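Q: The structure's right below; bear with me while I get my questions together.
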Amino acid sequence: MGKNNRALLSGLFMVVLMTATVGIVYWLGHLERERDVYVVATQASVSGLNPESTVFYRGIAVGKVLHIKFDPENSGVILIKIEVDKNILFTRGVYATLHLKGVTGLTQLELGDEGKIAEKLPPGDAPTNRIPLMQSVTDRLLNSGDELLKKADHLMIRLSSLLNEENEKNIVGLLSNLKTLSDKLATLQKSVDNALAGIPALTSDARKTLKNIDSLANDLRGLSKEAVALSKRVGTVAESGNTAANTFANSTLPKVNQLVSEIQSASEQVKRLAATLEKNPQSVLVGPEQQMPGPGEPGYEEPQ
């Protein structure tokens, strides 16, 4: 009986194992049918990427790498065949990048899409349906590593020349001056605080001054009123002066001019009389000397 029981258990185990194997094979075959195949093409290096590497789409695992080979028609192009879950639909804007997986040196394939193109990408390995492999941030950093090292070396040389002994002394002096300036600023702050403390008293004085200014303004208003009245009086006097001036110019001044003319005429006659007396004083007694008649006058005789 013991041997029969062992044989029965062994038979049951074999049946269960074979059933499980068939189920796994069926599941794998069914899974294979629910995946689509795409091809990623690149001319760059794909070191670290191996078959069975996981394929991610926006950070989610959606498939794996089937195999990697060179393009038979162009040996400069590397073709990466991948399989992706069938329910994942790509557009023609999809692209692939390589990302390092930890510190193992292995890489994984990351798919992305910026959503700028709405046209769907059909599966298959046709050249027009290939997904381009773009450089990742790590690749760009590695490619620019030499340039970064050169710039870092140049920067270190500049810093070394900048931090020589003379410049170090200058920097120490500058720091010392900054400390002195900060101390002076603290003293100035105290002075400002003291000045601010005296502002209330200054405000009170200013209010008193404003009151005096108001009083002075009132006095100026009264004075301006008096000045206006005085200007009116001056205007009246000026009008009277204008009337007198017009009377003098129109009546008195012509008479004065006539009198001056008569005085000038009399003065000329006196001058002629004085000249006659100076030349012929006896003319006062005997009269003026008779003048000989000139040509054309009565009594004129031509000389013989």
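So you can find residues: chains in the structure tokens are A, B, ... in the order shown, residues in each start at 1, and ligands are numbered from 1 in order.
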If you run DSSP on the backbone, which residues of region 10-85 of chain A are strand (DSSP E or B), as a PyMOL selection string?
A: chain A and resi 35-42+54-57+60-71+74-85
Q: So what do you get for CA of Met134 (chain A) versus CA of Ile88 (chain A), distance-wise?
A: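 A separation of 20.4 Å between them.
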Q: Excluding Asn74 (chain A) and residues on its chain fewer than 4 positions from it, collect all residues at most 12 Å away from it, counting only C-alpha atoms, and give them as a list in words.
A: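 Selected residues are Ala41, Thr42, Gln43, Lys69, Phe70, Ile78, Leu79 and Pro127 of chain A.
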Q: To one decimal place, how far is CA of Arg92 (chain A) from CA of Ser47 (chain A) in Å?
A: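 That distance, rounded to one decimal, is 25.7 Å.
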Q: Any idea what the distance is between CA of Leu109 (chain A) and CA of Asp71 (chain A)?
A: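 For CA of Leu109 (chain A) relative to CA of Asp71 (chain A), the distance reads 18.8 Å.
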Q: Find, counting only C-alpha atoms, the residue in A:Thr97, A:Thr107, A:Ser45, A:Ser182 that gets nearest to Ile131 (chain A).
A: A:Thr97
